[in-house]
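Below is work-v5.cif, holding mmCIF, C-alpha atoms.
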data_data
loop_
_atom_site.label_atom_id
_atom_site.label_comp_id
_atom_site.auth_asym_id
_atom_site.auth_seq_id
_atom_site.Cartn_x
_atom_site.Cartn_y
_atom_site.Cartn_z
CA MET A 209 -57.27 -15.61 98.05
CA SER A 210 -60.53 -17.36 98.27
CA ASN A 211 -62.38 -17.74 101.55
CA LYS A 212 -62.08 -21.49 101.27
CA ARG A 213 -58.30 -21.28 101.07
CA LYS A 214 -58.05 -18.84 103.95
CA LYS A 215 -60.05 -21.20 106.17
CA LYS A 216 -57.86 -24.13 105.13
CA GLN A 217 -54.68 -22.20 106.03
CA ALA A 218 -56.09 -21.14 109.41
CA ALA A 219 -57.02 -24.75 110.18
CA GLN A 220 -53.48 -25.88 109.24
CA ARG A 221 -51.95 -23.20 111.58
CA ARG A 222 -54.19 -24.26 114.45
CA ALA A 223 -53.30 -27.91 113.96
CA GLN A 224 -49.57 -27.03 113.79
CA SER A 225 -49.71 -24.96 116.97
CA GLN A 226 -51.64 -27.69 118.83
CA GLN A 227 -49.05 -30.26 117.76
CA GLN A 228 -46.19 -28.03 118.95
CA HIS A 229 -47.91 -27.53 122.31
CA GLN A 230 -48.46 -31.28 122.73
CA THR A 231 -44.84 -32.01 121.81
CA LYS A 232 -43.66 -29.42 124.38
CA GLN A 233 -45.90 -30.96 127.02
CA THR A 234 -44.56 -34.44 126.48
CA ALA A 235 -40.93 -33.24 126.15
CA GLU A 236 -40.86 -31.17 129.36
CA PRO A 237 -41.96 -32.93 132.51
CA ARG A 238 -44.51 -31.09 134.56
CA LYS A 239 -42.78 -28.65 136.88
CA LYS A 240 -43.14 -29.32 140.60
CA PRO A 241 -44.69 -26.47 142.58
CA THR A 242 -41.95 -24.20 143.97
CA VAL A 243 -43.70 -23.64 147.40
CA ARG A 244 -43.49 -26.75 149.61
CA ALA A 245 -46.48 -27.82 151.64
CA LYS A 246 -45.97 -27.02 155.39
CA PRO A 247 -45.05 -30.12 157.42
CA ARG A 248 -47.68 -31.33 159.87
CA TRP A 249 -45.44 -30.84 162.88
CA LEU A 250 -44.87 -27.13 162.23
CA TRP A 251 -47.90 -25.64 164.01
CA PRO A 252 -47.59 -27.80 167.17
CA ALA A 253 -43.90 -26.85 167.27
CA VAL A 254 -44.71 -23.14 166.97
CA ALA A 255 -47.37 -23.48 169.69
CA GLY A 256 -44.83 -25.27 171.92
CA VAL A 257 -42.25 -22.51 171.48
CA LEU A 258 -44.89 -19.86 172.29
CA ILE A 259 -45.96 -21.72 175.45
CA LEU A 260 -42.32 -22.09 176.49
CA ALA A 261 -41.75 -18.35 175.97
CA ALA A 262 -44.87 -17.56 178.06
CA LEU A 263 -43.59 -19.80 180.87
CA VAL A 264 -40.19 -18.13 180.80
CA VAL A 265 -41.84 -14.69 181.07
CA ALA A 266 -44.11 -15.90 183.90
CA GLY A 267 -41.10 -17.45 185.62
CA ALA A 268 -39.29 -14.13 185.48
CA LEU A 269 -42.23 -12.46 187.25
CA VAL A 270 -42.56 -15.12 189.97
CA ARG A 271 -39.10 -16.55 190.12
CA PRO A 272 -37.64 -19.19 192.35
CA SER A 273 -34.37 -17.99 193.81
CA LEU A 274 -31.93 -20.72 194.73
CA SER A 275 -28.90 -18.94 196.10
CA LYS A 276 -28.35 -18.80 199.87
CA PRO A 277 -28.58 -15.17 200.93
CA THR A 278 -25.49 -13.34 202.04
CA GLY A 279 -25.25 -9.71 202.95
CA PRO A 280 -24.43 -7.20 205.64
CA TRP A 281 -27.53 -8.27 207.61
CA THR A 282 -29.59 -11.40 207.30
CA LEU A 283 -32.83 -12.33 209.04
CA THR A 284 -34.07 -15.90 209.32
CA ILE A 285 -37.69 -16.69 210.05
CA LEU A 286 -38.56 -20.19 211.22
CA HIS A 287 -42.26 -20.78 210.85
CA THR A 288 -45.17 -23.18 211.23
CA THR A 289 -48.85 -22.99 210.29
CA ASP A 290 -52.14 -24.85 210.61
CA VAL A 291 -50.76 -27.07 213.37
CA ALA A 292 -54.44 -27.56 214.31
CA GLY A 293 -53.82 -28.72 217.85
CA TYR A 294 -51.45 -31.57 216.95
CA ILE A 295 -49.15 -32.25 219.88
CA ASP A 296 -47.84 -35.65 218.97
CA PRO A 297 -46.66 -37.51 216.89
CA CYS A 298 -46.43 -34.77 214.22
CA GLY A 299 -43.17 -32.79 214.32
CA MET B 390 -43.66 -31.04 218.64
CA ALA B 391 -40.75 -32.43 220.62
CA ARG B 392 -38.80 -32.75 217.34
CA ARG B 393 -39.70 -29.20 216.37
CA ALA B 394 -38.24 -27.95 219.65
CA THR B 395 -34.96 -29.77 218.90
CA ALA B 396 -34.84 -28.31 215.38
CA ILE B 397 -35.53 -24.74 216.56
CA GLN B 398 -33.03 -24.98 219.41
CA GLY B 399 -30.35 -26.34 217.06
CA TYR B 400 -31.00 -23.58 214.57
CA ARG B 401 -30.85 -20.84 217.21
CA SER B 402 -27.56 -22.16 218.57
CA LYS B 403 -25.93 -21.85 215.14
CA ASN B 404 -27.57 -18.71 213.76
CA GLU B 405 -28.24 -15.20 214.95
CA HIS B 406 -31.12 -12.90 213.93
CA VAL B 407 -33.79 -15.59 214.13
CA LEU B 408 -37.54 -15.08 214.54
CA VAL B 409 -39.91 -17.99 215.23
CA LEU B 410 -43.50 -17.41 214.05
CA ASP B 411 -46.75 -19.30 213.63
CA ALA B 412 -49.22 -18.26 210.93
CA GLY B 413 -52.40 -19.30 212.72
CA ASP B 414 -54.89 -22.09 213.42
CA ALA B 415 -52.40 -23.54 215.87
CA LEU B 416 -54.22 -24.10 219.12
CA PHE B 417 -57.34 -26.19 218.53
CA GLY B 418 -58.45 -29.17 216.48
CA GLN B 419 -57.39 -32.31 218.39
CA PRO B 420 -59.00 -33.85 221.49
CA ALA B 421 -56.03 -33.13 223.78
CA SER B 422 -55.60 -29.53 222.66
CA ASP B 423 -59.34 -28.83 222.72
CA LYS B 424 -59.71 -30.40 226.18
CA SER B 425 -56.93 -28.14 227.47
CA GLU B 426 -58.62 -25.11 225.79
CA GLY B 427 -55.45 -24.45 223.81
CA ARG B 428 -53.12 -24.53 226.84
CA ALA B 429 -51.12 -27.51 225.56
CA LEU B 430 -50.07 -25.70 222.40
CA VAL B 431 -49.56 -22.31 224.05
CA GLU B 432 -47.33 -23.89 226.71
CA ALA B 433 -45.32 -25.75 224.10
CA MET B 434 -44.90 -22.67 221.90
CA GLY B 435 -43.83 -20.73 224.97
CA LEU B 436 -41.13 -23.30 225.71
CA MET B 437 -39.95 -23.08 222.10
CA LYS B 438 -39.83 -19.28 222.50
CA TYR B 439 -42.12 -18.38 219.63
CA ASP B 440 -42.00 -14.64 218.89
CA ALA B 441 -45.60 -14.28 217.67
CA MET B 442 -48.64 -16.13 216.37
CA ALA B 443 -51.36 -15.02 213.93
CA ILE B 444 -55.04 -15.67 214.51
CA GLY B 445 -56.77 -18.08 212.11
CA GLU B 446 -60.48 -18.64 211.62
CA ARG B 447 -60.43 -21.96 213.52
CA ASP B 448 -58.92 -20.21 216.51
CA MET B 449 -61.96 -17.92 216.46
CA ALA B 450 -64.28 -20.89 216.96
CA HIS B 451 -62.94 -21.03 220.55
CA PHE B 452 -63.07 -17.29 221.08
CA ALA B 453 -63.40 -17.15 224.87
CA ALA B 454 -60.54 -19.61 225.42
CA LEU B 455 -58.47 -17.81 222.79
CA LEU B 456 -58.84 -14.48 224.62
CA ASP B 457 -57.86 -16.16 227.89
CA ARG B 458 -54.76 -17.75 226.35
CA SER B 459 -53.74 -14.45 224.72
CA ARG B 460 -53.63 -12.84 228.18
CA GLU B 461 -51.44 -15.62 229.59
CA THR B 462 -48.75 -16.03 226.95
CA ALA B 463 -45.32 -14.48 226.70
CA PHE B 464 -45.67 -14.19 222.91
CA PRO B 465 -48.37 -12.01 221.29
CA PHE B 466 -51.40 -13.22 219.33
CA LEU B 467 -51.54 -10.91 216.30
CA SER B 468 -54.35 -9.71 214.07
CA ALA B 469 -54.51 -6.22 212.59
CA ASN B 470 -57.88 -6.68 210.88
CA LEU B 471 -59.98 -8.24 213.65
CA VAL B 472 -62.06 -5.50 215.28
CA TYR B 473 -65.06 -5.38 217.58
CA THR B 474 -68.08 -4.56 215.43
CA SER B 475 -69.50 -2.05 217.90
CA THR B 476 -66.33 -0.07 218.66
CA ASN B 477 -64.07 -0.81 215.65
CA LYS B 478 -61.25 -1.39 218.15
CA PRO B 479 -58.72 -4.22 217.57
CA VAL B 480 -59.49 -7.49 219.34
CA PHE B 481 -55.82 -8.59 219.46
CA THR B 482 -52.49 -6.81 219.13
CA PRO B 483 -52.30 -5.62 215.48
CA TYR B 484 -48.49 -5.73 215.23
CA VAL B 485 -45.29 -5.83 217.21
CA VAL B 486 -41.81 -4.46 216.61
CA ARG B 487 -39.02 -6.82 217.66
CA ASP B 488 -35.36 -5.97 218.16
CA VAL B 489 -33.42 -8.59 216.21
CA GLY B 490 -29.67 -8.13 216.57
CA GLY B 491 -29.97 -4.36 216.81
CA ARG B 492 -32.43 -4.03 213.88
CA LYS B 493 -36.14 -3.32 214.19
CA VAL B 494 -38.46 -5.88 212.62
CA ALA B 495 -42.23 -5.29 212.52
CA VAL B 496 -44.55 -8.33 212.49
CA ILE B 497 -48.16 -7.65 211.42
CA GLY B 498 -50.90 -10.27 211.84
CA LEU B 499 -53.78 -10.82 209.39
CA THR B 500 -56.88 -13.05 209.63
CA PRO B 501 -59.13 -14.13 206.74
CA SER B 502 -62.39 -12.22 206.25
CA ASP B 503 -63.97 -14.86 204.00
CA GLU B 504 -66.89 -17.23 204.63
CA SER B 505 -64.72 -19.58 206.71
CA PHE B 506 -64.22 -16.74 209.20
CA LYS B 507 -67.87 -15.66 209.20
CA ALA B 508 -68.98 -19.23 209.91
CA LEU B 509 -66.78 -19.55 213.01
CA ALA B 510 -66.34 -16.08 214.51
CA PRO B 511 -68.57 -14.55 217.17
CA ALA B 512 -71.12 -12.00 215.95
CA ASP B 513 -69.51 -8.98 217.58
CA VAL B 514 -66.16 -9.46 215.82
CA THR B 515 -65.55 -8.31 212.24
CA ALA B 516 -62.58 -8.99 209.97
CA SER B 517 -61.89 -5.93 207.84
CA ASP B 518 -60.41 -6.12 204.34
CA PRO B 519 -56.98 -7.73 204.76
CA VAL B 520 -55.31 -6.05 201.76
CA GLU B 521 -56.34 -2.55 202.86
CA THR B 522 -55.38 -3.39 206.45
CA ALA B 523 -51.97 -4.57 205.26
CA ARG B 524 -51.49 -1.29 203.40
CA GLU B 525 -52.48 0.72 206.48
CA TYR B 526 -50.26 -1.14 208.93
CA VAL B 527 -47.25 -1.35 206.63
CA ALA B 528 -47.42 2.46 206.39
CA LYS B 529 -47.62 2.66 210.21
CA ALA B 530 -44.64 0.35 210.64
CA ARG B 531 -42.60 2.32 208.11
CA GLY B 532 -43.44 5.42 210.15
CA GLU B 533 -41.63 3.74 213.05
CA LYS B 534 -38.50 3.47 210.87
CA VAL B 535 -38.31 -0.30 211.07
CA ASP B 536 -35.64 -2.18 209.09
CA ALA B 537 -37.89 -5.03 207.95
CA ILE B 538 -41.62 -5.75 207.79
CA VAL B 539 -43.03 -9.28 208.09
CA ILE B 540 -46.70 -10.04 207.44
CA LEU B 541 -47.85 -13.03 209.48
CA SER B 542 -50.82 -14.03 207.38
CA HIS B 543 -53.55 -16.63 207.72
CA LEU B 544 -55.11 -15.52 204.43
CA GLY B 545 -53.98 -18.26 202.04
CA ASN B 546 -51.44 -18.10 199.23
CA VAL B 547 -53.65 -16.31 196.68
CA LEU B 548 -54.15 -13.30 198.94
CA ASP B 549 -50.52 -13.42 200.07
CA ARG B 550 -49.44 -13.02 196.42
CA LYS B 551 -51.96 -10.20 195.95
CA ILE B 552 -50.62 -8.32 198.97
CA ALA B 553 -47.02 -8.87 197.86
CA SER B 554 -47.77 -7.41 194.43
CA GLU B 555 -49.96 -4.52 195.63
CA VAL B 556 -48.38 -3.35 198.89
CA GLU B 557 -44.89 -1.88 198.76
CA GLY B 558 -42.25 -2.35 201.41
CA ILE B 559 -42.99 -5.83 202.79
CA THR B 560 -39.89 -7.93 203.42
CA ALA B 561 -41.59 -11.29 203.86
CA ILE B 562 -45.05 -12.84 204.12
CA ILE B 563 -45.28 -15.92 206.31
CA GLY B 564 -48.51 -17.58 205.26
CA GLY B 565 -51.01 -20.25 206.22
CA HIS B 566 -54.63 -21.35 205.67
CA SER B 567 -54.19 -22.83 202.16
CA PHE B 568 -51.96 -25.76 203.31
CA ASP B 569 -49.30 -24.93 200.73
CA LEU B 570 -45.89 -26.57 200.95
CA LEU B 571 -43.62 -23.88 199.53
CA GLN B 572 -40.44 -25.90 199.05
CA GLU B 573 -38.60 -23.19 197.12
CA THR B 574 -38.24 -19.45 197.34
CA LEU B 575 -41.25 -17.58 196.07
CA GLN B 576 -40.43 -13.93 195.54
CA ILE B 577 -42.85 -11.37 194.15
CA GLY B 578 -41.20 -8.02 193.60
CA SER B 579 -38.99 -7.67 196.67
CA THR B 580 -41.28 -9.68 198.96
CA VAL B 581 -40.50 -13.29 199.86
CA ILE B 582 -43.42 -15.64 200.63
CA GLY B 583 -43.19 -18.79 202.74
CA GLN B 584 -45.75 -21.34 203.90
CA ALA B 585 -45.09 -24.55 205.81
CA GLY B 586 -47.97 -26.91 205.08
CA TYR B 587 -50.04 -28.14 208.02
CA GLY B 588 -50.15 -30.29 211.12
CA GLY B 589 -46.70 -29.30 212.39
CA GLU B 590 -44.99 -31.79 210.09
CA TRP B 591 -42.62 -29.22 208.61
CA LEU B 592 -40.63 -26.27 209.87
CA GLY B 593 -40.36 -23.49 207.30
CA GLU B 594 -37.20 -21.47 206.94
CA VAL B 595 -37.10 -18.10 205.15
CA THR B 596 -33.81 -16.21 205.08
CA VAL B 597 -33.48 -12.70 203.69
CA ALA B 598 -30.41 -10.52 203.28
CA LEU B 599 -31.11 -6.80 203.39
CA ASP B 600 -29.05 -4.10 201.70
CA ALA B 601 -28.22 -0.72 203.25
CA GLU B 602 -31.64 0.68 202.23
CA GLY B 603 -33.44 -2.23 203.89
CA ARG B 604 -34.43 -3.88 200.61
CA VAL B 605 -34.18 -7.62 200.09
CA SER B 606 -30.94 -8.21 198.19
CA SER B 607 -31.22 -11.99 198.23
CA ALA B 608 -33.52 -14.58 199.75
CA SER B 609 -34.01 -18.29 200.19
CA ALA B 610 -36.79 -20.48 201.51
CA ARG B 611 -37.17 -24.17 202.24
CA LEU B 612 -39.13 -26.63 204.33
CA ILE B 613 -37.52 -28.87 206.89
CA PRO B 614 -39.44 -32.14 207.36
CA LEU B 615 -39.49 -32.93 211.08
CA SER B 616 -38.57 -36.56 210.62
CA GLU B 617 -37.06 -39.04 213.06
CA ASP B 618 -33.67 -37.46 212.31
CA TYR B 619 -34.61 -34.98 215.03
CA ALA B 620 -34.56 -36.42 218.51
CA ASP B 621 -37.33 -35.49 220.92
CA ASP B 622 -36.52 -32.53 223.14
CA PRO B 623 -36.88 -33.94 226.70
CA GLU B 624 -38.71 -30.89 228.08
CA LEU B 625 -41.25 -30.94 225.26
CA ALA B 626 -41.58 -34.71 225.47
CA ALA B 627 -42.50 -34.33 229.17
CA LEU B 628 -45.10 -31.70 228.24
CA VAL B 629 -46.61 -33.95 225.58
CA ALA B 630 -46.88 -36.73 228.18
CA ARG B 631 -48.92 -34.41 230.42
CA TYR B 632 -51.52 -33.97 227.67
CA PRO B 633 -52.43 -37.52 226.58
CA GLN B 634 -54.09 -37.84 223.18
#
Could I get this file's structure written as structure tokens?
Amino acid sequence: MSNKRKKKQAAQRRAQSQQQHQTKQTAEPRKKPTVRAKPRWLWPAVAGVLILAALVVAGALVRPSLSKPTGPWTLTILHTTDVAGYIDPCG
Amino acid sequence: MARRATAIQGYRSKNEHVLVLDAGDALFGQPASDKSEGRALVEAMGLMKYDAMAIGERDMAHFAALLDRSRETAFPFLSANLVYTSTNKPVFTPYVVRDVGGRKVAVIGLTPSDESFKALAPADVTASDPVETAREYVAKARGEKVDAIVILSHLGNVLDRKIASEVEGITAIIGGHSFDLLQETLQIGSTVIGQAGYGGEWLGEVTVALDAEGRVSSASARLIPLSEDYADDPELAALVARYPQ
């Protein structure tokens, strides 16, 4: 086979392959990316949950107790402070 | 003050095991009280049967009158960390042990050692570190086998929290100085902290239930606003009239 013929055949194969590729591209629509972009609200939401968790932990360390105490012995302390010489009309 | 007397009297008539305490800076600050050198307030607190009062830095600004009043009253003026600079001896009673319904309750007084104190106190009186003093006197009180320990503190809420978290065995801290209105129960570890604002407008109430080992099993705290719902106590009203504003 002459060099001229070989070159002609190679050019035909390249053209055929390019055509097939173009046909495939037009036949199959471009695939959408499988990983979705993260919604804008995600990071503020995560930050909010973390802050809430921190508050719950802090609340457990310094907790307000609401129940009225009952037990075998209870002590009640009535108290005032910083009255600063007020006689009247305050309290 | 006449309303406060009514509130305290009503409370005592319905409840047992009650202590009435003041966390300091009570006696001076208004023309009538200053003119009477603190007598007006001391007399009134005597009528209301206060059990003890802590010393605040403003009380120290009237040191001579304060010493005189402390010798006249039926209730003690407490401060465990105020000492004479030269002798290191306490200026006031450091703590008292009260019998409350057959149980022993220690009440320890503390005064601030910060700049506010240094600006107002006489030169020969020093306020030692309140946290270390609390540690020392809580140990002393425990040595007396008391059932409950109350710190009567004029240190402010930040130091009250520090003491509650660092010193074991305190039942309650009754605070002042920082003008906090603690409307709900604040409990750090097993220590309950209360503070009733300023100016005598509120009466604080801290209630603790103790288990067999003397630990706080449950607690509650609230502030009672001394509004017009409380009628004036006639005896206190007469006293107020004797000290015109």
(Q) I need the residue nearest Val486 (chain B) from this list: B:Ile582, B:Leu467, B:Val520, B:Ala530. Use all atoms listed in the file for the distance. (A) B:Ala530
Pick out the residues sitting within 10 Å of Pro483 (chain B), and hand them over as a PDB file with C-alpha atoms, keeping the file's coordinate frame; count only C-alpha atoms, and ignore anything fewer than 5 positions along from it in its own chain.
ATOM      1  CA  ALA B 443     -51.360 -15.020 213.930  1.00  0.00           C
ATOM      2  CA  PRO B 465     -48.370 -12.010 221.290  1.00  0.00           C
ATOM      3  CA  PHE B 466     -51.400 -13.220 219.330  1.00  0.00           C
ATOM      4  CA  LEU B 467     -51.540 -10.910 216.300  1.00  0.00           C
ATOM      5  CA  SER B 468     -54.350  -9.710 214.070  1.00  0.00           C
ATOM      6  CA  ALA B 469     -54.510  -6.220 212.590  1.00  0.00           C
ATOM      7  CA  ASN B 470     -57.880  -6.680 210.880  1.00  0.00           C
ATOM      8  CA  LEU B 471     -59.980  -8.240 213.650  1.00  0.00           C
ATOM      9  CA  VAL B 472     -62.060  -5.500 215.280  1.00  0.00           C
ATOM     10  CA  VAL B 496     -44.550  -8.330 212.490  1.00  0.00           C
ATOM     11  CA  ILE B 497     -48.160  -7.650 211.420  1.00  0.00           C
ATOM     12  CA  GLY B 498     -50.900 -10.270 211.840  1.00  0.00           C
ATOM     13  CA  LEU B 499     -53.780 -10.820 209.390  1.00  0.00           C
ATOM     14  CA  THR B 522     -55.380  -3.390 206.450  1.00  0.00           C
ATOM     15  CA  TYR B 526     -50.260  -1.140 208.930  1.00  0.00           C
TER      16      TYR B 526
END
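Going from CA of Arg447 (chain B) to CA of Val291 (chain A) covers 10.9 Å.
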Q: For chain A, work out the contacting residues on chain B at 6 Å, counting only C-alpha atoms, and write them as a PyMOL selection string.
A: chain B and resi 390+392-393+406-419+422+565+574-575+577+585+587-590+592-599+607-609+615
Counting all atoms listed in the file, what is within 12 Å of Ala453 (chain B), bar same-chain residues fewer than 4 positions away, as a PDB file with C-alpha atoms, keeping the file's coordinate frame?
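Wrote around_23.pdb, looks like this:
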ATOM      1  CA  GLU B 426     -58.620 -25.110 225.790  1.00  0.00           C
ATOM      2  CA  GLY B 427     -55.450 -24.450 223.810  1.00  0.00           C
ATOM      3  CA  ASP B 448     -58.920 -20.210 216.510  1.00  0.00           C
ATOM      4  CA  MET B 449     -61.960 -17.920 216.460  1.00  0.00           C
ATOM      5  CA  ASP B 457     -57.860 -16.160 227.890  1.00  0.00           C
ATOM      6  CA  ARG B 458     -54.760 -17.750 226.350  1.00  0.00           C
ATOM      7  CA  SER B 459     -53.740 -14.450 224.720  1.00  0.00           C
ATOM      8  CA  ARG B 460     -53.630 -12.840 228.180  1.00  0.00           C
ATOM      9  CA  VAL B 480     -59.490  -7.490 219.340  1.00  0.00           C
ATOM     10  CA  ALA B 510     -66.340 -16.080 214.510  1.00  0.00           C
ATOM     11  CA  PRO B 511     -68.570 -14.550 217.170  1.00  0.00           C
TER      12      PRO B 511
END
Quick one: everything within 6 Å of Ala561 (chain B), counting only C-alpha atoms, minus sequence neighbours fewer than 4 positions away in the same chain. Send it as a PDB file with C-alpha atoms, keeping the file's coordinate frame.
ATOM      1  CA  VAL B 539     -43.030  -9.280 208.090  1.00  0.00           C
ATOM      2  CA  THR B 580     -41.280  -9.680 198.960  1.00  0.00           C
ATOM      3  CA  VAL B 581     -40.500 -13.290 199.860  1.00  0.00           C
ATOM      4  CA  ILE B 582     -43.420 -15.640 200.630  1.00  0.00           C
TER       5      ILE B 582
END
Q: Starting from the shown file, work through the PyMOL selection byres ((chain B and resi 500-507) around 6) and note down what comes out as a list in words.
A: Ile444, Gly445, Glu446, Leu499, Ala508, Leu509, Ala510, Ala516, His543 and Leu544 of chain B
Q: Kindly give the distance, in Å, that separates CA of Val556 (chain B) and CA of Lys529 (chain B), rounded to a single decimal.
A: 12.8 Å
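Distance-wise, CA of Glu432 (chain B) and CA of Asp549 (chain B) end up 28.8 Å apart.
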